[in-house]
$ cat final_28.tsv   # TSV, C-alpha atoms
chain	number	residue	atom	x	y	z
A	547	MET	CA	-33.24	-11.03	-20.80
A	548	ASN	CA	-29.74	-9.59	-21.19
A	549	PRO	CA	-27.91	-10.08	-17.84
A	550	LEU	CA	-25.79	-6.99	-18.51
A	551	HIS	CA	-28.77	-4.87	-17.43
A	552	LEU	CA	-27.72	-5.76	-13.88
A	553	LEU	CA	-24.64	-3.57	-14.37
A	554	ALA	CA	-26.66	-0.54	-15.45
A	555	PHE	CA	-26.76	2.68	-13.46
A	556	GLY	CA	-29.99	3.61	-11.78
A	557	PRO	CA	-32.54	1.87	-9.57
A	558	THR	CA	-32.63	-1.32	-11.68
A	559	GLY	CA	-28.90	-1.99	-11.83
A	560	TRP	CA	-25.82	-2.20	-9.64
A	561	GLY	CA	-23.71	0.29	-11.57
A	562	ASP	CA	-23.93	3.01	-8.92
A	563	GLU	CA	-23.00	0.63	-6.12
A	564	LEU	CA	-20.09	-0.80	-8.11
A	565	ALA	CA	-18.79	2.69	-8.88
A	566	TYR	CA	-18.94	3.60	-5.18
A	567	GLY	CA	-17.21	0.36	-4.21
A	568	ALA	CA	-14.46	0.90	-6.81
A	569	ALA	CA	-13.92	4.45	-5.54
A	570	MET	CA	-13.70	3.20	-1.95
A	571	THR	CA	-11.16	0.59	-3.03
A	572	LEU	CA	-9.00	3.27	-4.63
A	573	VAL	CA	-9.26	5.48	-1.53
A	574	ILE	CA	-8.14	2.62	0.75
A	575	ALA	CA	-5.32	1.69	-1.63
A	576	ALA	CA	-4.11	5.29	-2.03
A	577	LEU	CA	-4.14	6.02	1.70
A	578	GLY	CA	-2.53	2.69	2.56
A	579	PHE	CA	0.14	3.09	-0.13
A	580	ALA	CA	1.01	6.68	0.81
A	581	GLY	CA	1.10	5.88	4.51
A	582	GLY	CA	3.14	2.75	3.90
A	583	LEU	CA	5.77	4.64	1.89
A	584	VAL	CA	6.06	7.33	4.55
A	585	LEU	CA	6.42	4.71	7.30
A	586	GLY	CA	8.66	2.46	5.21
A	587	LEU	CA	11.41	5.05	4.74
A	588	PRO	CA	12.36	5.39	8.44
A	589	ILE	CA	12.03	1.62	8.84
A	590	ALA	CA	14.51	1.17	5.98
A	591	ALA	CA	16.81	3.71	7.65
A	592	ALA	CA	16.57	1.72	10.88
A	593	ARG	CA	17.41	-1.48	8.97
A	594	LEU	CA	20.60	0.18	7.70
A	595	SER	CA	21.43	1.87	10.99
A	596	SER	CA	24.56	1.09	12.94
A	597	ASN	CA	22.40	0.95	16.07
A	598	VAL	CA	21.86	-2.70	16.97
A	599	VAL	CA	18.56	-2.04	18.77
A	600	LEU	CA	17.04	-0.18	15.81
A	601	ARG	CA	18.17	-2.89	13.41
A	602	ALA	CA	16.68	-5.60	15.62
A	603	ILE	CA	13.31	-3.88	16.11
A	604	SER	CA	12.89	-2.99	12.43
A	605	GLY	CA	14.03	-6.46	11.40
A	606	VAL	CA	11.47	-8.14	13.65
A	607	TYR	CA	8.70	-5.87	12.33
A	608	VAL	CA	9.52	-6.56	8.68
A	609	THR	CA	9.88	-10.29	9.27
A	610	VAL	CA	6.63	-10.63	11.20
A	611	VAL	CA	4.45	-8.54	8.89
A	612	ARG	CA	5.84	-10.15	5.72
A	613	GLY	CA	5.73	-13.60	7.28
A	614	VAL	CA	2.05	-13.75	8.30
A	615	PRO	CA	-0.99	-13.67	5.99
A	616	GLU	CA	-2.29	-10.18	5.25
A	617	LEU	CA	-5.78	-11.32	6.28
A	618	LEU	CA	-4.47	-12.11	9.75
A	619	VAL	CA	-3.18	-8.55	10.11
A	620	ILE	CA	-6.64	-7.22	9.23
A	621	TYR	CA	-8.32	-9.61	11.68
A	622	LEU	CA	-5.91	-8.56	14.43
A	623	LEU	CA	-6.52	-4.84	13.94
A	624	PHE	CA	-10.29	-5.04	13.44
A	625	PHE	CA	-11.40	-7.79	15.80
A	626	GLY	CA	-8.47	-7.77	18.22
A	627	GLY	CA	-8.11	-4.02	18.04
A	628	GLY	CA	-11.41	-3.51	19.84
A	629	GLN	CA	-10.09	-5.35	22.87
A	630	PHE	CA	-6.91	-3.27	22.81
A	631	TYR	CA	-8.94	-0.06	22.64
A	632	ARG	CA	-11.01	-1.30	25.57
A	633	TYR	CA	-7.87	-1.80	27.67
A	634	VAL	CA	-6.68	1.70	26.81
A	635	ALA	CA	-10.11	3.20	27.59
A	636	ASP	CA	-10.26	1.40	30.94
A	637	ALA	CA	-6.79	2.62	31.80
A	638	LEU	CA	-7.92	6.18	31.07
A	639	GLY	CA	-11.09	5.76	33.11
A	640	TYR	CA	-13.47	5.84	30.14
A	641	SER	CA	-16.45	3.50	30.54
A	642	GLY	CA	-18.33	4.19	27.26
A	643	ALA	CA	-18.57	1.91	24.25
A	644	VAL	CA	-15.37	1.44	22.26
A	645	ALA	CA	-15.22	-0.29	18.88
A	646	ALA	CA	-12.79	-0.62	16.01
A	647	ASP	CA	-13.86	1.34	12.93
A	648	ALA	CA	-13.84	-0.81	9.77
A	649	PHE	CA	-12.41	1.90	7.52
A	650	SER	CA	-9.66	2.94	9.94
A	651	ALA	CA	-8.73	-0.66	10.71
A	652	GLY	CA	-8.60	-1.52	7.01
A	653	VAL	CA	-6.46	1.47	6.06
A	654	LEU	CA	-4.11	0.92	9.03
A	655	ALA	CA	-3.67	-2.73	8.10
A	656	VAL	CA	-2.81	-1.83	4.52
A	657	ILE	CA	-0.36	0.83	5.76
A	658	LEU	CA	1.44	-1.65	8.02
A	659	ILE	CA	1.64	-4.25	5.25
A	660	CYS	CA	2.83	-1.74	2.66
A	661	ALA	CA	5.42	-0.33	5.08
A	662	ALA	CA	7.03	-3.72	5.62
A	663	TYR	CA	7.43	-4.40	1.89
A	664	SER	CA	8.40	-0.84	0.90
A	665	ALA	CA	11.01	-0.76	3.68
A	666	GLU	CA	12.80	-3.70	2.07
A	667	VAL	CA	12.53	-2.03	-1.33
A	668	PHE	CA	14.06	1.18	0.03
A	669	ARG	CA	16.78	-0.75	1.86
A	670	GLY	CA	17.81	-2.56	-1.31
A	671	ALA	CA	17.70	0.68	-3.32
A	672	PHE	CA	19.92	2.51	-0.82
A	673	GLN	CA	22.42	-0.35	-0.93
A	674	ALA	CA	22.44	-0.22	-4.75
A	675	ILE	CA	23.75	3.36	-4.82
A	676	PRO	CA	27.37	3.29	-6.06
A	677	LYS	CA	29.68	3.96	-3.13
A	678	GLY	CA	31.88	6.11	-5.33
A	679	GLN	CA	29.16	8.76	-5.54
A	680	ILE	CA	28.91	8.98	-1.77
A	681	GLU	CA	32.70	9.11	-1.42
A	682	ALA	CA	32.85	11.88	-4.01
A	683	ALA	CA	30.15	13.86	-2.20
A	684	ASN	CA	32.05	13.52	1.06
A	685	ALA	CA	35.21	14.65	-0.68
A	686	PHE	CA	33.39	17.82	-1.78
A	687	GLY	CA	32.46	18.46	1.84
A	688	MET	CA	28.70	17.93	1.55
A	689	THR	CA	26.78	17.90	4.80
A	690	ARG	CA	24.80	14.78	5.70
A	691	SER	CA	21.49	16.49	4.88
A	692	THR	CA	22.76	17.74	1.50
A	693	LEU	CA	24.23	14.33	0.72
A	694	PHE	CA	20.88	12.70	1.46
A	695	CYS	CA	18.76	15.18	-0.52
A	696	ARG	CA	21.09	15.60	-3.53
A	697	ILE	CA	22.63	12.15	-3.89
A	698	LYS	CA	21.05	9.38	-1.83
A	699	LEU	CA	17.34	10.17	-2.13
A	700	PRO	CA	17.20	10.77	-5.93
A	701	GLN	CA	19.32	7.73	-6.67
A	702	MET	CA	17.37	5.59	-4.22
A	703	LEU	CA	14.05	6.55	-5.81
A	704	ARG	CA	15.45	5.79	-9.24
A	705	TYR	CA	16.36	2.25	-8.20
A	706	ALA	CA	13.21	1.75	-6.10
A	707	LEU	CA	10.50	2.85	-8.53
A	708	PRO	CA	10.13	-0.49	-10.42
A	709	SER	CA	9.73	-2.40	-7.15
A	710	ILE	CA	7.49	0.29	-5.67
A	711	ALA	CA	5.15	-0.35	-8.60
A	712	ASN	CA	4.94	-3.98	-7.48
A	713	VAL	CA	4.17	-2.85	-3.92
A	714	TRP	CA	1.29	-0.75	-5.27
A	715	GLN	CA	-0.11	-3.81	-7.05
A	716	LEU	CA	0.14	-5.75	-3.78
A	717	VAL	CA	-1.68	-2.98	-1.91
A	718	LEU	CA	-4.38	-2.79	-4.57
A	719	LYS	CA	-5.07	-6.51	-4.28
A	720	ASP	CA	-4.95	-6.47	-0.48
A	721	THR	CA	-7.86	-4.02	-0.40
A	722	ALA	CA	-10.10	-6.94	-1.37
A	723	LEU	CA	-9.33	-8.53	2.01
A	724	VAL	CA	-10.72	-5.49	3.84
A	725	SER	CA	-14.22	-6.68	2.87
A	726	VAL	CA	-14.10	-9.10	5.83
A	727	THR	CA	-14.62	-6.10	8.13
A	728	GLY	CA	-17.94	-5.29	6.45
A	729	LEU	CA	-16.60	-2.14	4.80
A	730	VAL	CA	-18.47	-1.47	1.57
A	731	GLU	CA	-15.66	-1.50	-0.98
A	732	LEU	CA	-15.56	-3.19	-4.38
A	733	MET	CA	-15.36	-6.85	-3.30
A	734	ARG	CA	-18.00	-6.41	-0.59
A	735	THR	CA	-20.33	-4.86	-3.16
A	736	ILE	CA	-19.58	-7.63	-5.64
A	737	ASP	CA	-20.36	-10.32	-3.05
A	738	VAL	CA	-23.68	-8.72	-2.13
A	739	ALA	CA	-24.64	-8.19	-5.77
A	740	ALA	CA	-23.70	-11.75	-6.75
A	741	GLY	CA	-25.77	-13.20	-3.90
A	742	SER	CA	-28.76	-10.93	-4.46
A	743	THR	CA	-29.02	-11.48	-8.20
A	744	ARG	CA	-27.75	-15.08	-8.28
A	745	SER	CA	-25.37	-14.06	-11.03
A	746	PRO	CA	-21.97	-14.74	-9.48
A	747	PHE	CA	-20.17	-15.28	-12.81
A	748	LEU	CA	-21.23	-11.88	-14.15
A	749	PHE	CA	-20.25	-9.92	-11.06
A	750	TYR	CA	-17.00	-11.72	-10.29
A	751	MET	CA	-15.93	-11.31	-13.92
A	752	THR	CA	-16.80	-7.63	-13.57
A	753	ALA	CA	-14.57	-7.44	-10.49
A	754	ILE	CA	-11.73	-9.06	-12.44
A	755	LEU	CA	-12.10	-6.55	-15.27
A	756	ILE	CA	-12.18	-3.60	-12.86
A	757	PHE	CA	-9.01	-4.74	-11.06
A	758	LEU	CA	-7.30	-5.38	-14.41
A	759	ALA	CA	-8.26	-1.86	-15.49
A	760	PHE	CA	-6.74	-0.49	-12.29
A	761	THR	CA	-3.59	-2.52	-12.97
A	762	ALA	CA	-3.28	-1.39	-16.59
A	763	VAL	CA	-3.63	2.29	-15.72
A	764	SER	CA	-1.21	1.91	-12.78
A	765	ASN	CA	1.41	0.20	-14.94
A	766	LYS	CA	1.27	2.98	-17.52
A	767	ALA	CA	1.53	5.63	-14.80
A	768	PHE	CA	4.54	4.00	-13.13
A	769	GLU	CA	6.29	3.39	-16.46
A	770	GLY	CA	5.89	7.07	-17.31
A	771	ALA	CA	7.14	8.07	-13.85
A	772	GLU	CA	10.20	5.83	-14.21
A	773	ARG	CA	11.15	7.32	-17.58
A	774	HIS	CA	10.59	10.87	-16.39
A	775	PHE	CA	12.49	10.37	-13.13
A	776	SER	CA	15.42	8.64	-14.82
A	777	ARG	CA	15.76	11.52	-17.31
A	778	SER	CA	15.48	14.06	-14.49
A	779	VAL	CA	18.17	12.40	-12.35
A	780	ILE	CA	20.57	11.87	-15.25
A	781	GLY	CA	19.93	15.37	-16.58
A	782	GLY	CA	20.46	16.86	-13.14
A	783	TYR	CA	23.88	15.27	-12.83
A	784	GLY	CA	24.81	16.36	-16.32
A	785	LYS	CA	24.34	20.04	-15.56
$ encode --input "final_28.tsv" --output "structure tokens"
Amino acid sequence: MNPLHLLAFGPTGWGDELAYGAAMTLVIAALGFAGGLVLGLPIAAARLSSNVVLRAISGVYVTVVRGVPELLVIYLLFFGGGQFYRYVADALGYSGAVAADAFSAGVLAVILICAAYSAEVFRGAFQAIPKGQIEAANAFGMTRSTLFCRIKLPQMLRYALPSIANVWQLVLKDTALVSVTGLVELMRTIDVAAGSTRSPFLFYMTAILIFLAFTAVSNKAFEGAERHFSRSVIGGYGK
């Protein structure tokens, strides 16, 4: 019997479950990536701030999150988070059941991990902006907000995009670790299917191919975005 029938859609195959798991993986990755970028920008600003306290706090955050295994962050938020929620509930006088949600804990963990890495990418990109451009903008009397929106932000994104693509790949791979919470995403589905059918090679190879497909599409998308953004920035300055 052809083992590929196990990947078919319908009641006899695992195609439907794999499609749902792949979609859940993309949702977790997209939410974690977007949230991480939004959180990473102010962290990068704090890293470059002249305020010693802000630099110290942001530096500790980036060092700790990048220095510990990503799986440990997920364990802390999912298993340790329940205890934290219990303390908060007790302090507020709530006596009902409190538990950490697998989806929320997984997405939050990916956001915190992505934020630490993207903050360093943004910091390096800001520092790569030629100082002459900033001095010229100041000489023209640009306000701080105009300087940021017209000079710093476009140039920063231009320098950051290649590294941001690497952060996306990191986030995409880290979603596989969320399966330890019991959330039904791609790797959790693959594990269950491999154990149920006793065909681990087939299903783990399928997981590899799916992640490689995600990677190939992502690389093409980021390459196109880099070319388009570079032309837009250069063209904008040429007008």
$ axis_aligned_box --input "final_28.tsv" --around "stretch 653-660 of chain A" --padding-each-side "3 Å" --output "AutoDock Vina command-line options"
--center_x -1.8 --center_y -1.4 --center_z 5.8 --size_x 15.3 --size_y 11.7 --size_z 12.4
$ residues_near_point --input "final_28.tsv" --point "(-14.4, 2.0, -6.1)" --cutoff "12 Å" --atoms "only C-alpha atoms" --output "PyMOL selection string"
chain A and resi 561-576+718+721-722+729-736+753+756-757+759-760
$ residues_around --input "final_28.tsv" --residues "A:Gly578" --least-positions-apart "6" --cutoff "7 Å" --atoms "all atoms listed in the file" --output "ChimeraX atom specification"
/A:653-654,656-657,660
$ write_last_selection --input "final_28.tsv" --atoms "C-alpha atoms" --output "CSV table (one decimal), in the coordinates of the input"
chain,number,residue,atom,x,y,z
A,653,VAL,CA,-6.5,1.5,6.1
A,654,LEU,CA,-4.1,0.9,9.0
A,656,VAL,CA,-2.8,-1.8,4.5
A,657,ILE,CA,-0.4,0.8,5.8
A,660,CYS,CA,2.8,-1.7,2.7
$ closest_residue --input "final_28.tsv" --among "A:Val584, A:Leu699, A:Ala648, A:Ala682" --to "A:Ala665" --atoms "all atoms listed in the file"
A:Val584
$ atom_distance --input "final_28.tsv" --atom1 "atom CA of A:Leu587" --atom2 "atom CA of A:Phe668"
6.6 Å
$ closest_residue --input "final_28.tsv" --among "A:Ser742, A:Ser709, A:Gln701, A:Asn684" --to "A:Arg777" --atoms "all atoms listed in the file"
A:Gln701
$ closest_residue --input "final_28.tsv" --among "A:Gly586, A:Gly639, A:Pro549, A:Gly581" --to "A:Arg744" --atoms "all atoms listed in the file"
A:Pro549
$ residues_near_point --input "final_28.tsv" --point "(18.3, 0.9, 1.7)" --cutoff "8 Å" --atoms "all atoms listed in the file" --output "PyMOL selection string"
chain A and resi 590-591+593-594+665-674+702
$ atom_distance --input "final_28.tsv" --atom1 "atom CA of A:Gly627" --atom2 "atom CA of A:Ala662"
19.6 Å
$ closest_residue --input "final_28.tsv" --among "A:Phe555, A:Phe624, A:Phe579, A:Tyr640" --to "A:Lys719" --atoms "all atoms listed in the file"
A:Phe579
$ atom_distance --input "final_28.tsv" --atom1 "atom CA of A:Met751" --atom2 "atom CA of A:Ile710"
27.4 Å
$ residues_around --input "final_28.tsv" --residues "A:Leu707" --least-positions-apart "2" --cutoff "12 Å" --atoms "all atoms listed in the file" --output "ChimeraX atom specification"
/A:583,664,667-668,670-671,699-705,709-714,765,767-776
$ closest_residue --input "final_28.tsv" --among "A:Ser595, A:Ser604, A:Ser764, A:Thr692" --to "A:Pro708" --atoms "all atoms listed in the file"
A:Ser764
$ residues_around --input "final_28.tsv" --residues "A:Leu748" --least-positions-apart "4" --cutoff "12 Å" --atoms "all atoms listed in the file" --output "ChimeraX atom specification"
/A:548-553,560,736-737,739-741,743-744,752-755
$ decode --input "final_28.tsv" --residues "stretch 725-738 of chain A" --atoms "all heavy atoms" --output "PDB file, in the first residue's frame"
ATOM      1  N   SER A 725       4.826  23.567  20.548  1.00  0.00           N
ATOM      2  CA  SER A 725       4.100  22.292  20.659  1.00  0.00           C
ATOM      3  C   SER A 725       4.191  21.692  22.059  1.00  0.00           C
ATOM      4  O   SER A 725       3.350  20.875  22.431  1.00  0.00           O
ATOM      5  CB  SER A 725       4.644  21.289  19.636  1.00  0.00           C
ATOM      6  OG  SER A 725       6.006  20.999  19.880  1.00  0.00           O
ATOM      7  N   VAL A 726       5.197  22.100  22.858  1.00  0.00           N
ATOM      8  CA  VAL A 726       5.327  21.550  24.212  1.00  0.00           C
ATOM      9  C   VAL A 726       4.172  21.973  25.110  1.00  0.00           C
ATOM     10  O   VAL A 726       3.918  21.349  26.143  1.00  0.00           O
ATOM     11  CB  VAL A 726       6.667  21.970  24.860  1.00  0.00           C
ATOM     12  CG1 VAL A 726       7.846  21.465  24.042  1.00  0.00           C
ATOM     13  CG2 VAL A 726       6.746  23.479  25.046  1.00  0.00           C
ATOM     14  N   THR A 727       3.448  23.029  24.721  1.00  0.00           N
ATOM     15  CA  THR A 727       2.303  23.485  25.514  1.00  0.00           C
ATOM     16  C   THR A 727       1.038  22.696  25.196  1.00  0.00           C
ATOM     17  O   THR A 727       0.016  22.880  25.860  1.00  0.00           O
ATOM     18  CB  THR A 727       2.022  24.974  25.266  1.00  0.00           C
ATOM     19  OG1 THR A 727       1.609  25.159  23.902  1.00  0.00           O
ATOM     20  CG2 THR A 727       3.268  25.811  25.532  1.00  0.00           C
ATOM     21  N   GLY A 728       1.103  21.830  24.170  1.00  0.00           N
ATOM     22  CA  GLY A 728      -0.080  21.080  23.766  1.00  0.00           C
ATOM     23  C   GLY A 728      -0.890  21.769  22.696  1.00  0.00           C
ATOM     24  O   GLY A 728      -1.929  21.246  22.259  1.00  0.00           O
ATOM     25  N   LEU A 729      -0.458  22.948  22.256  1.00  0.00           N
ATOM     26  CA  LEU A 729      -1.176  23.665  21.208  1.00  0.00           C
ATOM     27  C   LEU A 729      -1.068  22.886  19.898  1.00  0.00           C
ATOM     28  O   LEU A 729       0.015  22.424  19.522  1.00  0.00           O
ATOM     29  CB  LEU A 729      -0.586  25.061  21.032  1.00  0.00           C
ATOM     30  CG  LEU A 729      -1.270  25.961  20.006  1.00  0.00           C
ATOM     31  CD1 LEU A 729      -2.692  26.298  20.450  1.00  0.00           C
ATOM     32  CD2 LEU A 729      -0.468  27.244  19.811  1.00  0.00           C
ATOM     33  N   VAL A 730      -2.176  22.735  19.205  1.00  0.00           N
ATOM     34  CA  VAL A 730      -2.197  21.943  17.979  1.00  0.00           C
ATOM     35  C   VAL A 730      -1.723  22.798  16.809  1.00  0.00           C
ATOM     36  O   VAL A 730      -2.520  23.401  16.097  1.00  0.00           O
ATOM     37  CB  VAL A 730      -3.613  21.385  17.703  1.00  0.00           C
ATOM     38  CG1 VAL A 730      -3.591  20.501  16.456  1.00  0.00           C
ATOM     39  CG2 VAL A 730      -4.118  20.593  18.895  1.00  0.00           C
ATOM     40  N   GLU A 731      -0.401  22.883  16.640  1.00  0.00           N
ATOM     41  CA  GLU A 731       0.174  23.514  15.473  1.00  0.00           C
ATOM     42  C   GLU A 731       0.851  22.419  14.641  1.00  0.00           C
ATOM     43  O   GLU A 731       0.584  21.248  14.840  1.00  0.00           O
ATOM     44  CB  GLU A 731       1.128  24.648  15.866  1.00  0.00           C
ATOM     45  CG  GLU A 731       2.049  24.361  17.036  1.00  0.00           C
ATOM     46  CD  GLU A 731       3.121  23.370  16.703  1.00  0.00           C
ATOM     47  OE1 GLU A 731       3.971  23.668  15.853  1.00  0.00           O
ATOM     48  OE2 GLU A 731       3.112  22.276  17.294  1.00  0.00           O
ATOM     49  N   LEU A 732       1.686  22.798  13.701  1.00  0.00           N
ATOM     50  CA  LEU A 732       2.203  21.823  12.745  1.00  0.00           C
ATOM     51  C   LEU A 732       2.985  20.696  13.412  1.00  0.00           C
ATOM     52  O   LEU A 732       2.731  19.514  13.143  1.00  0.00           O
ATOM     53  CB  LEU A 732       3.085  22.532  11.710  1.00  0.00           C
ATOM     54  CG  LEU A 732       3.685  21.624  10.625  1.00  0.00           C
ATOM     55  CD1 LEU A 732       2.596  20.913   9.859  1.00  0.00           C
ATOM     56  CD2 LEU A 732       4.566  22.436   9.679  1.00  0.00           C
ATOM     57  N   MET A 733       3.958  21.028  14.279  1.00  0.00           N
ATOM     58  CA  MET A 733       4.792  19.982  14.870  1.00  0.00           C
ATOM     59  C   MET A 733       4.004  19.084  15.817  1.00  0.00           C
ATOM     60  O   MET A 733       4.258  17.883  15.893  1.00  0.00           O
ATOM     61  CB  MET A 733       5.984  20.606  15.603  1.00  0.00           C
ATOM     62  CG  MET A 733       7.094  21.058  14.676  1.00  0.00           C
ATOM     63  SD  MET A 733       7.625  19.800  13.486  1.00  0.00           S
ATOM     64  CE  MET A 733       8.109  18.458  14.570  1.00  0.00           C
ATOM     65  N   ARG A 734       3.039  19.649  16.530  1.00  0.00           N
ATOM     66  CA  ARG A 734       2.193  18.826  17.396  1.00  0.00           C
ATOM     67  C   ARG A 734       1.383  17.837  16.559  1.00  0.00           C
ATOM     68  O   ARG A 734       1.274  16.655  16.903  1.00  0.00           O
ATOM     69  CB  ARG A 734       1.252  19.728  18.202  1.00  0.00           C
ATOM     70  CG  ARG A 734       0.305  18.982  19.132  1.00  0.00           C
ATOM     71  CD  ARG A 734       1.036  18.325  20.261  1.00  0.00           C
ATOM     72  NE  ARG A 734       0.121  17.701  21.195  1.00  0.00           N
ATOM     73  CZ  ARG A 734       0.504  16.988  22.259  1.00  0.00           C
ATOM     74  NH1 ARG A 734       1.796  16.845  22.517  1.00  0.00           N
ATOM     75  NH2 ARG A 734      -0.382  16.443  23.059  1.00  0.00           N
ATOM     76  N   THR A 735       0.837  18.299  15.450  1.00  0.00           N
ATOM     77  CA  THR A 735       0.082  17.432  14.554  1.00  0.00           C
ATOM     78  C   THR A 735       0.974  16.354  13.958  1.00  0.00           C
ATOM     79  O   THR A 735       0.577  15.180  13.862  1.00  0.00           O
ATOM     80  CB  THR A 735      -0.551  18.260  13.429  1.00  0.00           C
ATOM     81  OG1 THR A 735      -1.347  19.296  13.988  1.00  0.00           O
ATOM     82  CG2 THR A 735      -1.422  17.388  12.541  1.00  0.00           C
ATOM     83  N   ILE A 736       2.184  16.750  13.576  1.00  0.00           N
ATOM     84  CA  ILE A 736       3.128  15.785  13.004  1.00  0.00           C
ATOM     85  C   ILE A 736       3.480  14.704  14.022  1.00  0.00           C
ATOM     86  O   ILE A 736       3.527  13.509  13.690  1.00  0.00           O
ATOM     87  CB  ILE A 736       4.401  16.517  12.529  1.00  0.00           C
ATOM     88  CG1 ILE A 736       4.106  17.353  11.279  1.00  0.00           C
ATOM     89  CG2 ILE A 736       5.529  15.524  12.274  1.00  0.00           C
ATOM     90  CD1 ILE A 736       3.828  16.554  10.036  1.00  0.00           C
ATOM     91  N   ASP A 737       3.725  15.087  15.263  1.00  0.00           N
ATOM     92  CA  ASP A 737       4.052  14.113  16.303  1.00  0.00           C
ATOM     93  C   ASP A 737       2.918  13.121  16.513  1.00  0.00           C
ATOM     94  O   ASP A 737       3.147  11.908  16.625  1.00  0.00           O
ATOM     95  CB  ASP A 737       4.363  14.835  17.623  1.00  0.00           C
ATOM     96  CG  ASP A 737       5.712  15.521  17.607  1.00  0.00           C
ATOM     97  OD1 ASP A 737       6.581  15.089  16.828  1.00  0.00           O
ATOM     98  OD2 ASP A 737       5.906  16.478  18.375  1.00  0.00           O
ATOM     99  N   VAL A 738       1.692  13.630  16.589  1.00  0.00           N
ATOM    100  CA  VAL A 738       0.540  12.753  16.803  1.00  0.00           C
ATOM    101  C   VAL A 738       0.362  11.825  15.607  1.00  0.00           C
ATOM    102  O   VAL A 738       0.114  10.612  15.776  1.00  0.00           O
ATOM    103  CB  VAL A 738      -0.735  13.591  17.033  1.00  0.00           C
ATOM    104  CG1 VAL A 738      -1.968  12.696  17.091  1.00  0.00           C
ATOM    105  CG2 VAL A 738      -0.618  14.396  18.320  1.00  0.00           C
TER     106      VAL A 738
END
